[in-house]
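Novice: My structure is in target_27.pdb, and what it holds is PDB, C-alpha atoms, pLDDT in the B column:
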```pdb
ATOM      1  CA  MET G   1      70.002  10.886 129.111  1.00 70.00           C
ATOM      2  CA  ASP G   2      71.693   9.751 125.984  1.00 84.00           C
ATOM      3  CA  ARG G   3      71.405  11.383 122.663  1.00 86.00           C
ATOM      4  CA  THR G   4      68.857   8.994 121.043  1.00 88.00           C
ATOM      5  CA  THR G   5      66.443   9.335 123.952  1.00 89.00           C
ATOM      6  CA  ALA G   6      66.584  13.143 123.727  1.00 87.00           C
ATOM      7  CA  ILE G   7      65.836  13.046 119.963  1.00 89.00           C
ATOM      8  CA  LEU G   8      62.880  10.699 120.528  1.00 89.00           C
ATOM      9  CA  MET G   9      61.528  12.910 123.353  1.00 90.00           C
ATOM     10  CA  LEU G  10      61.759  16.018 121.131  1.00 90.00           C
ATOM     11  CA  ALA G  11      59.990  14.213 118.278  1.00 91.00           C
ATOM     12  CA  LEU G  12      57.202  13.075 120.627  1.00 92.00           C
ATOM     13  CA  ILE G  13      56.778  16.596 122.055  1.00 94.00           C
ATOM     14  CA  SER G  14      56.590  18.098 118.533  1.00 93.00           C
ATOM     15  CA  LEU G  15      53.901  15.527 117.587  1.00 92.00           C
ATOM     16  CA  VAL G  16      51.866  16.474 120.671  1.00 93.00           C
ATOM     17  CA  PHE G  17      52.150  20.208 119.849  1.00 93.00           C
ATOM     18  CA  GLY G  18      51.226  19.481 116.213  1.00 90.00           C
ATOM     19  CA  GLY G  19      48.127  17.581 117.374  1.00 89.00           C
ATOM     20  CA  LEU G  20      47.185  20.468 119.677  1.00 88.00           C
ATOM     21  CA  ALA G  21      47.591  22.972 116.837  1.00 87.00           C
ATOM     22  CA  THR G  22      45.360  20.835 114.605  1.00 86.00           C
ATOM     23  CA  ALA G  23      42.723  20.571 117.346  1.00 83.00           C
ATOM     24  CA  ILE G  24      42.749  24.345 117.862  1.00 82.00           C
ATOM     25  CA  PHE G  25      42.370  24.883 114.092  1.00 77.00           C
ATOM     26  CA  VAL G  26      39.454  22.446 113.850  1.00 75.00           C
ATOM     27  CA  TYR G  27      37.603  23.853 116.881  1.00 77.00           C
ATOM     28  CA  ILE G  28      38.184  27.560 116.262  1.00 76.00           C
ATOM     29  CA  ILE G  29      38.874  28.396 112.599  1.00 73.00           C
ATOM     30  CA  ILE G  30      36.498  26.012 110.785  1.00 69.00           C
ATOM     31  CA  PRO G  31      33.362  26.947 112.844  1.00 71.00           C
ATOM     32  CA  TRP G  32      34.290  30.633 112.420  1.00 68.00           C
ATOM     33  CA  ARG G  33      34.278  30.214 108.621  1.00 68.00           C
ATOM     34  CA  ARG G  34      30.968  28.356 108.740  1.00 73.00           C
ATOM     35  CA  ARG G  35      29.402  31.061 110.914  1.00 72.00           C
ATOM     36  CA  ARG G  36      30.657  33.726 108.539  1.00 73.00           C
ATOM     37  CA  ALA G  37      29.192  31.904 105.485  1.00 73.00           C
ATOM     38  CA  LYS G  38      25.910  31.367 107.361  1.00 75.00           C
ATOM     39  CA  ASN G  39      25.705  35.068 108.266  1.00 72.00           C
ATOM     40  CA  ARG G  40      26.399  36.062 104.668  1.00 72.00           C
ATOM     41  CA  ALA G  41      23.638  33.722 103.413  1.00 70.00           C
ATOM     42  CA  ALA G  42      21.234  35.080 106.035  1.00 70.00           C
ATOM     43  CA  LYS G  43      21.906  38.649 104.861  1.00 68.00           C
ATOM     44  CA  LEU G  44      21.347  37.733 101.185  1.00 64.00           C
ATOM     45  CA  ALA G  45      18.153  35.724 101.771  1.00 58.00           C
ATOM     46  CA  PRO G  46      15.900  38.715 102.544  1.00 56.00           C
ATOM     47  CA  LEU G  47      17.245  40.553  99.504  1.00 49.00           C
ATOM     48  CA  SER G  48      16.422  37.694  97.151  1.00 49.00           C
ATOM     49  CA  ALA G  49      13.033  37.076  98.784  1.00 48.00           C
ATOM     50  CA  SER G  50      11.914  40.688  98.558  1.00 48.00           C
ATOM     51  CA  VAL G  51       9.926  41.642  95.495  1.00 48.00           C
ATOM     52  CA  VAL G  52      11.379  44.455  93.450  1.00 49.00           C
ATOM     53  CA  GLU G  53       8.710  47.017  92.659  1.00 50.00           C
ATOM     54  CA  PRO G  54       8.572  48.068  88.990  1.00 51.00           C
ATOM     55  CA  PRO G  55       8.981  51.766  88.292  1.00 53.00           C
ATOM     56  CA  ILE G  56       5.722  53.692  88.396  1.00 54.00           C
ATOM     57  CA  GLU G  57       6.104  55.282  84.980  1.00 51.00           C
ATOM     58  CA  THR G  58       7.746  53.387  82.157  1.00 50.00           C
ATOM     59  CA  PRO G  59       8.146  54.828  78.685  1.00 49.00           C
ATOM     60  CA  VAL G  60       5.980  53.054  76.129  1.00 47.00           C
ATOM     61  CA  THR G  61       8.117  51.602  73.366  1.00 49.00           C
ATOM     62  CA  THR G  62       7.648  48.876  70.824  1.00 48.00           C
ATOM     63  CA  PRO G  63       8.136  45.648  72.750  1.00 51.00           C
ATOM     64  CA  PRO G  64      10.976  43.473  71.498  1.00 50.00           C
ATOM     65  CA  ALA G  65       9.959  40.465  69.473  1.00 46.00           C
ATOM     66  CA  ALA G  66       9.448  37.411  71.603  1.00 56.00           C
ATOM     67  CA  LYS G  67      11.946  34.639  71.195  1.00 68.00           C
ATOM     68  CA  VAL G  68      10.610  32.617  68.307  1.00 72.00           C
ATOM     69  CA  SER G  69      12.009  29.666  66.420  1.00 78.00           C
ATOM     70  CA  GLN G  70      10.941  31.162  63.089  1.00 84.00           C
ATOM     71  CA  HIS G  71       9.202  34.167  61.584  1.00 87.00           C
ATOM     72  CA  SER G  72       6.275  33.575  59.226  1.00 89.00           C
ATOM     73  CA  LEU G  73       4.272  35.898  57.025  1.00 90.00           C
ATOM     74  CA  PHE G  74       1.351  34.763  54.893  1.00 92.00           C
ATOM     75  CA  ILE G  75       0.735  36.398  51.510  1.00 91.00           C
ATOM     76  CA  ILE G  76      -2.924  35.767  50.605  1.00 91.00           C
ATOM     77  CA  PHE G  77      -3.588  36.440  46.907  1.00 90.00           C
ATOM     78  CA  ALA G  78      -6.429  38.798  45.991  1.00 87.00           C
ATOM     79  CA  GLU G  79      -7.196  36.888  42.762  1.00 87.00           C
ATOM     80  CA  PRO G  80      -5.874  33.311  42.823  1.00 87.00           C
ATOM     81  CA  GLY G  81      -5.814  31.516  39.495  1.00 87.00           C
ATOM     82  CA  GLN G  82      -3.687  30.554  36.515  1.00 88.00           C
ATOM     83  CA  ALA G  83      -2.518  34.124  35.828  1.00 89.00           C
ATOM     84  CA  THR G  84      -1.431  34.548  39.460  1.00 88.00           C
ATOM     85  CA  GLU G  85       0.488  31.250  39.316  1.00 89.00           C
ATOM     86  CA  GLN G  86       2.313  32.446  36.188  1.00 91.00           C
ATOM     87  CA  THR G  87       3.160  35.722  37.930  1.00 91.00           C
ATOM     88  CA  LEU G  88       4.340  33.703  40.964  1.00 90.00           C
ATOM     89  CA  THR G  89       6.604  31.598  38.724  1.00 90.00           C
ATOM     90  CA  GLN G  90       8.121  34.703  37.131  1.00 92.00           C
ATOM     91  CA  TRP G  91       8.624  36.306  40.541  1.00 92.00           C
ATOM     92  CA  LEU G  92      10.322  33.175  41.925  1.00 91.00           C
ATOM     93  CA  GLN G  93      12.700  33.189  38.937  1.00 92.00           C
ATOM     94  CA  LYS G  94      13.396  36.905  39.447  1.00 92.00           C
ATOM     95  CA  ILE G  95      14.343  36.461  43.128  1.00 91.00           C
ATOM     96  CA  LYS G  96      16.415  33.363  42.219  1.00 92.00           C
ATOM     97  CA  ALA G  97      14.436  30.880  44.292  1.00 92.00           C
ATOM     98  CA  ASP G  98      15.597  27.267  44.149  1.00 92.00           C
ATOM     99  CA  TYR G  99      13.083  24.424  44.315  1.00 92.00           C
ATOM    100  CA  ASP G 100      13.627  21.758  46.986  1.00 92.00           C
ATOM    101  CA  PRO G 101      11.913  18.608  45.656  1.00 90.00           C
ATOM    102  CA  LEU G 102      12.107  16.810  49.021  1.00 92.00           C
ATOM    103  CA  LYS G 103      10.338  19.498  51.039  1.00 91.00           C
ATOM    104  CA  LYS G 104       8.355  20.770  48.036  1.00 91.00           C
ATOM    105  CA  VAL G 105       9.151  24.402  48.807  1.00 92.00           C
ATOM    106  CA  PHE G 106      11.236  27.151  47.251  1.00 93.00           C
ATOM    107  CA  LEU G 107      14.334  28.499  48.992  1.00 93.00           C
ATOM    108  CA  VAL G 108      15.739  32.007  48.563  1.00 91.00           C
ATOM    109  CA  ALA G 109      19.357  32.548  49.599  1.00 87.00           C
ATOM    110  CA  GLY G 110      18.837  36.234  50.397  1.00 81.00           C
ATOM    111  CA  GLN G 111      21.689  37.828  52.341  1.00 82.00           C
ATOM    112  CA  GLN G 112      22.655  34.677  54.283  1.00 82.00           C
ATOM    113  CA  PRO G 113      22.572  31.487  52.193  1.00 83.00           C
ATOM    114  CA  ALA G 114      23.147  29.368  55.317  1.00 84.00           C
ATOM    115  CA  ASN G 115      19.733  30.544  56.578  1.00 85.00           C
ATOM    116  CA  PRO G 116      17.518  30.632  53.455  1.00 90.00           C
ATOM    117  CA  ILE G 117      14.039  32.115  53.292  1.00 90.00           C
ATOM    118  CA  THR G 118      11.478  29.375  52.657  1.00 92.00           C
ATOM    119  CA  ILE G 119       8.509  29.989  50.354  1.00 91.00           C
ATOM    120  CA  ALA G 120       5.747  27.432  50.850  1.00 92.00           C
ATOM    121  CA  ASN G 121       2.031  27.145  50.189  1.00 90.00           C
ATOM    122  CA  ALA G 122       0.126  29.221  52.747  1.00 88.00           C
ATOM    123  CA  PHE G 123      -2.509  26.504  53.008  1.00 85.00           C
ATOM    124  CA  LEU G 124      -2.098  22.913  54.104  1.00 82.00           C
ATOM    125  CA  PRO G 125      -0.220  20.757  53.350  1.00 83.00           C
ATOM    126  CA  GLY G 126       2.160  23.675  52.740  1.00 85.00           C
ATOM    127  CA  GLU G 127       3.685  22.188  49.590  1.00 88.00           C
ATOM    128  CA  LEU G 128       4.197  23.920  46.273  1.00 90.00           C
ATOM    129  CA  PRO G 129       4.565  22.167  42.929  1.00 88.00           C
ATOM    130  CA  ASP G 130       7.727  22.738  40.905  1.00 89.00           C
ATOM    131  CA  LEU G 131       6.432  25.733  38.987  1.00 88.00           C
ATOM    132  CA  TYR G 132       9.648  25.861  36.944  1.00 87.00           C
ATOM    133  CA  ARG G 133       8.641  22.530  35.343  1.00 87.00           C
ATOM    134  CA  ASN G 134       5.024  23.592  34.836  1.00 83.00           C
ATOM    135  CA  GLU G 135       3.762  21.194  37.507  1.00 82.00           C
ATOM    136  CA  SER G 136       0.362  22.080  38.885  1.00 77.00           C
ATOM    137  CA  ALA G 137      -1.074  21.645  42.355  1.00 72.00           C
ATOM    138  CA  ASP G 138      -4.180  19.624  43.119  1.00 76.00           C
ATOM    139  CA  GLU G 139      -5.870  22.879  44.116  1.00 82.00           C
ATOM    140  CA  GLU G 140      -5.059  26.386  42.920  1.00 86.00           C
ATOM    141  CA  ILE G 141      -2.498  28.279  44.957  1.00 89.00           C
ATOM    142  CA  LYS G 142      -4.370  30.833  47.072  1.00 90.00           C
ATOM    143  CA  GLY G 143      -1.349  32.213  48.837  1.00 90.00           C
ATOM    144  CA  ILE G 144       2.221  31.641  49.931  1.00 91.00           C
ATOM    145  CA  SER G 145       3.967  31.753  53.260  1.00 90.00           C
ATOM    146  CA  LEU G 146       7.426  33.180  53.814  1.00 91.00           C
ATOM    147  CA  ILE G 147       9.369  31.527  56.624  1.00 91.00           C
ATOM    148  CA  VAL G 148      12.811  32.320  58.053  1.00 89.00           C
ATOM    149  CA  LYS G 149      14.702  31.530  61.248  1.00 88.00           C
ATOM    150  CA  PRO G 150      15.764  34.568  63.287  1.00 83.00           C
ATOM    151  CA  PRO G 151      19.492  35.210  63.709  1.00 79.00           C
ATOM    152  CA  LEU G 152      21.258  34.275  66.913  1.00 76.00           C
ATOM    153  CA  HIS G 153      22.672  37.803  67.195  1.00 72.00           C
ATOM    154  CA  LYS G 154      20.710  40.998  66.514  1.00 68.00           C
ATOM    155  CA  ARG G 155      23.562  42.517  64.530  1.00 66.00           C
ATOM    156  CA  ARG G 156      23.189  39.751  61.934  1.00 69.00           C
ATOM    157  CA  ASN G 157      19.669  40.667  60.871  1.00 77.00           C
ATOM    158  CA  GLN G 158      20.397  41.253  57.158  1.00 85.00           C
ATOM    159  CA  GLN G 159      18.303  38.186  56.347  1.00 85.00           C
ATOM    160  CA  MET G 160      15.368  39.631  58.321  1.00 86.00           C
ATOM    161  CA  ILE G 161      15.593  42.820  56.238  1.00 88.00           C
ATOM    162  CA  ALA G 162      15.575  40.716  53.027  1.00 88.00           C
ATOM    163  CA  PHE G 163      12.645  38.697  54.428  1.00 88.00           C
ATOM    164  CA  VAL G 164      10.544  41.810  55.057  1.00 90.00           C
ATOM    165  CA  ALA G 165      11.487  43.252  51.656  1.00 91.00           C
ATOM    166  CA  LEU G 166      10.311  40.037  49.941  1.00 90.00           C
ATOM    167  CA  ALA G 167       7.017  40.139  51.840  1.00 90.00           C
ATOM    168  CA  LYS G 168       6.382  43.757  50.869  1.00 91.00           C
ATOM    169  CA  GLU G 169       7.330  43.072  47.232  1.00 91.00           C
ATOM    170  CA  ALA G 170       4.997  40.052  47.075  1.00 90.00           C
ATOM    171  CA  ALA G 171       2.158  42.005  48.689  1.00 89.00           C
ATOM    172  CA  THR G 172       2.472  44.723  46.060  1.00 90.00           C
ATOM    173  CA  LEU G 173       2.935  42.334  43.120  1.00 90.00           C
ATOM    174  CA  PHE G 174      -0.040  40.101  43.961  1.00 89.00           C
ATOM    175  CA  ASN G 175      -2.225  42.852  45.470  1.00 88.00           C
ATOM    176  CA  ALA G 176      -2.300  40.556  48.478  1.00 87.00           C
ATOM    177  CA  ASP G 177      -3.034  40.742  52.178  1.00 88.00           C
ATOM    178  CA  VAL G 178      -0.041  40.052  54.424  1.00 89.00           C
ATOM    179  CA  LEU G 179      -0.921  38.225  57.638  1.00 89.00           C
ATOM    180  CA  ASP G 180       1.276  37.504  60.657  1.00 87.00           C
ATOM    181  CA  THR G 181       1.326  34.254  62.641  1.00 85.00           C
ATOM    182  CA  GLN G 182      -1.836  35.294  64.548  1.00 87.00           C
ATOM    183  CA  HIS G 183      -3.584  35.849  61.171  1.00 85.00           C
ATOM    184  CA  GLN G 184      -3.732  39.602  61.767  1.00 88.00           C
ATOM    185  CA  ASN G 185      -2.804  42.081  59.040  1.00 89.00           C
ATOM    186  CA  ALA G 186       0.913  42.781  59.172  1.00 88.00           C
ATOM    187  CA  THR G 187       1.788  46.410  59.916  1.00 87.00           C
ATOM    188  CA  GLU G 188       4.993  48.399  60.017  1.00 89.00           C
ATOM    189  CA  ASP G 189       5.221  47.478  63.725  1.00 88.00           C
ATOM    190  CA  THR G 190       5.128  43.808  62.712  1.00 87.00           C
ATOM    191  CA  TYR G 191       7.989  44.374  60.270  1.00 87.00           C
ATOM    192  CA  THR G 192       9.958  46.357  62.876  1.00 87.00           C
ATOM    193  CA  GLN G 193       9.605  43.533  65.388  1.00 87.00           C
ATOM    194  CA  ILE G 194      10.793  40.980  62.829  1.00 84.00           C
ATOM    195  CA  ILE G 195      13.813  43.071  61.851  1.00 82.00           C
ATOM    196  CA  GLY G 196      14.606  43.675  65.509  1.00 73.00           C
TER     197      GLY G 196
END
```
Go ahead and render the structure in this file as structure tokens.
Specialist:
Amino acid sequence: MDRTTAILMLALISLVFGGLATAIFVYIIIPWRRRRAKNRAAKLAPLSASVVEPPIETPVTTPPAAKVSQHSLFIIFAEPGQATEQTLTQWLQKIKADYDPLKKVFLVAGQQPANPITIANAFLPGELPDLYRNESADEEIKGISLIVKPPLHKRRNQQMIAFVALAKEAATLFNADVLDTQHQNATEDTYTQIIG
């Protein structure tokens, strides 16, 4: 046997052994991995299908506020009229509310100017006249609504604190009823849920 034939024979034998090694890998290792993954999934399936029983006794706490796109409080005036509108104008100037002529509402910067508190008419269509320019509404203003978007993070709730403070101040100033979004009287629990 000459040298070239021996090299070719060795190359052919190594190809055959390589093919055998590949066949053994495909027939033994890959099904073993699949069986192992299938067993793992079978063990996890009953755990995910089983219902977790709630604890028998849970402490009663104030439930967290549901995820809402905005918080609203309605300040319904006890005595609507011209005098109340003048008081409203003075109050808006005191809290440094800016009038938005496009939306026809007042905006209060509060603690976070990027998320202002909106002051609108509590009754439809929800628009307020520019009280700074002595404009008057078609109908007398019977109440206002305070609207603010909740913060993305609970630790940034300074604007919610300012929002609640404005609602309480307006309720006292106008001797008004404060209603939540379900038209129920707002309580300290309501304020706590808004503040978070």
Novice: Choose the residue, out of G:Val148, G:Ala170, G:Ala41, G:Ile161, that has the smallest atom-to-atom separation from Gln90 (chain G); count only C-alpha atoms.
Specialist: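 Smallest distance to Gln90 (chain G) is found for G:Ala170.
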Novice: With the PyMOL selection byres ((chain G and resi 71-79) around 7) as the selection, what would be picked from this file? Answer as a list in words, please.
Specialist: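 With the PyMOL selection byres ((chain G and resi 71-79) around 7) on this model, the match is Gln70, Pro80, Gly81, Ala122, Lys142, Gly143, Ile144, Ser145, Leu146, Ile147, Val148, Lys149, Pro150, Ala171, Phe174, Asn175, Ala176, Asp177, Val178, Leu179, Asp180 and Thr181 of chain G.
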Novice: G:Phe25, G:Tyr191, G:Tyr132, G:Phe123: which is nearest Ala97 (chain G), counting only C-alpha atoms?
Specialist: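 The closest residue to Ala97 (chain G) is G:Tyr132.
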Novice: Ranking G:Ile194, G:Leu173, G:Ala109, G:Ala137 by minimum distance to Leu88 (chain G) and counting only C-alpha atoms, which one comes first?
Specialist: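 Of the candidates, the smallest distance to Leu88 (chain G) is held by G:Leu173.
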Novice: Tell me, in Å to one decimal, how far CA of Glu169 (chain G) is from CA of Val105 (chain G).
Specialist: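 Going from CA of Glu169 (chain G) over to CA of Val105 (chain G) covers 18.8 Å.
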Novice: Which one is closest to Gly196 (chain G): G:Asn157, G:Gln184, G:Lys94, G:Arg40? Count all atoms listed in the file.
Specialist: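 So, comparing all the options, the nearest one is G:Asn157.
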Novice: List every protein, DNA or RNA residue that has at least one atom no more than 6 Å from (9.2, 20.2, 40.9) in the file's coordinates, counting all atoms listed in the file, and write the result as a list of chain:residue names.
Specialist: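 The answer, in the requested form, is G:Pro101, G:Pro129, G:Asp130.
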Novice: Quick one: distance from CA of Lys104 (chain G) to CA of Asn121 (chain G) in Å, one decimal?
Specialist: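 CA of Asn121 (chain G) lies 9.2 Å from CA of Lys104 (chain G).
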Novice: If I take CA of Glu127 (chain G) and CA of Leu152 (chain G), how far is one from the other in Å, to one decimal?
Specialist: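 Going from CA of Glu127 (chain G) over to CA of Leu152 (chain G) covers 27.5 Å.
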Novice: Select, from G:Met160, G:Ala83, G:Ala167, G:Met9, the residue with the minimum atom-to-atom distance to Ile119 (chain G), counting all atoms listed in the file.
Specialist: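 Once distances to Ile119 (chain G) are computed over all atoms listed in the file, the minimum belongs to G:Ala167.
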Novice: Phe106 (chain G): which residues within 7 Å, counting all atoms listed in the file, same-chain residues fewer than 3 positions away excluded, as a PyMOL selection string?
Specialist: chain G and resi 97-100+118-120
Novice: Would you output that residue set with C-alpha atoms, as a PDB file, in the frame of the given file?
Specialist:
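Ended up saving to selection_2.pdb:
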```pdb
ATOM      1  CA  ALA G  97      14.436  30.880  44.292  1.00 92.00           C
ATOM      2  CA  ASP G  98      15.597  27.267  44.149  1.00 92.00           C
ATOM      3  CA  TYR G  99      13.083  24.424  44.315  1.00 92.00           C
ATOM      4  CA  ASP G 100      13.627  21.758  46.986  1.00 92.00           C
ATOM      5  CA  THR G 118      11.478  29.375  52.657  1.00 92.00           C
ATOM      6  CA  ILE G 119       8.509  29.989  50.354  1.00 91.00           C
ATOM      7  CA  ALA G 120       5.747  27.432  50.850  1.00 92.00           C
TER       8      ALA G 120
END
```
Novice: Taking into account all atoms listed in the file, which residue in the set G:Gln111, G:Leu124, G:Arg36, G:Ser136 is nearest to Gln82 (chain G)?
Specialist: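 For Gln82 (chain G), the nearest of the candidates is G:Ser136.
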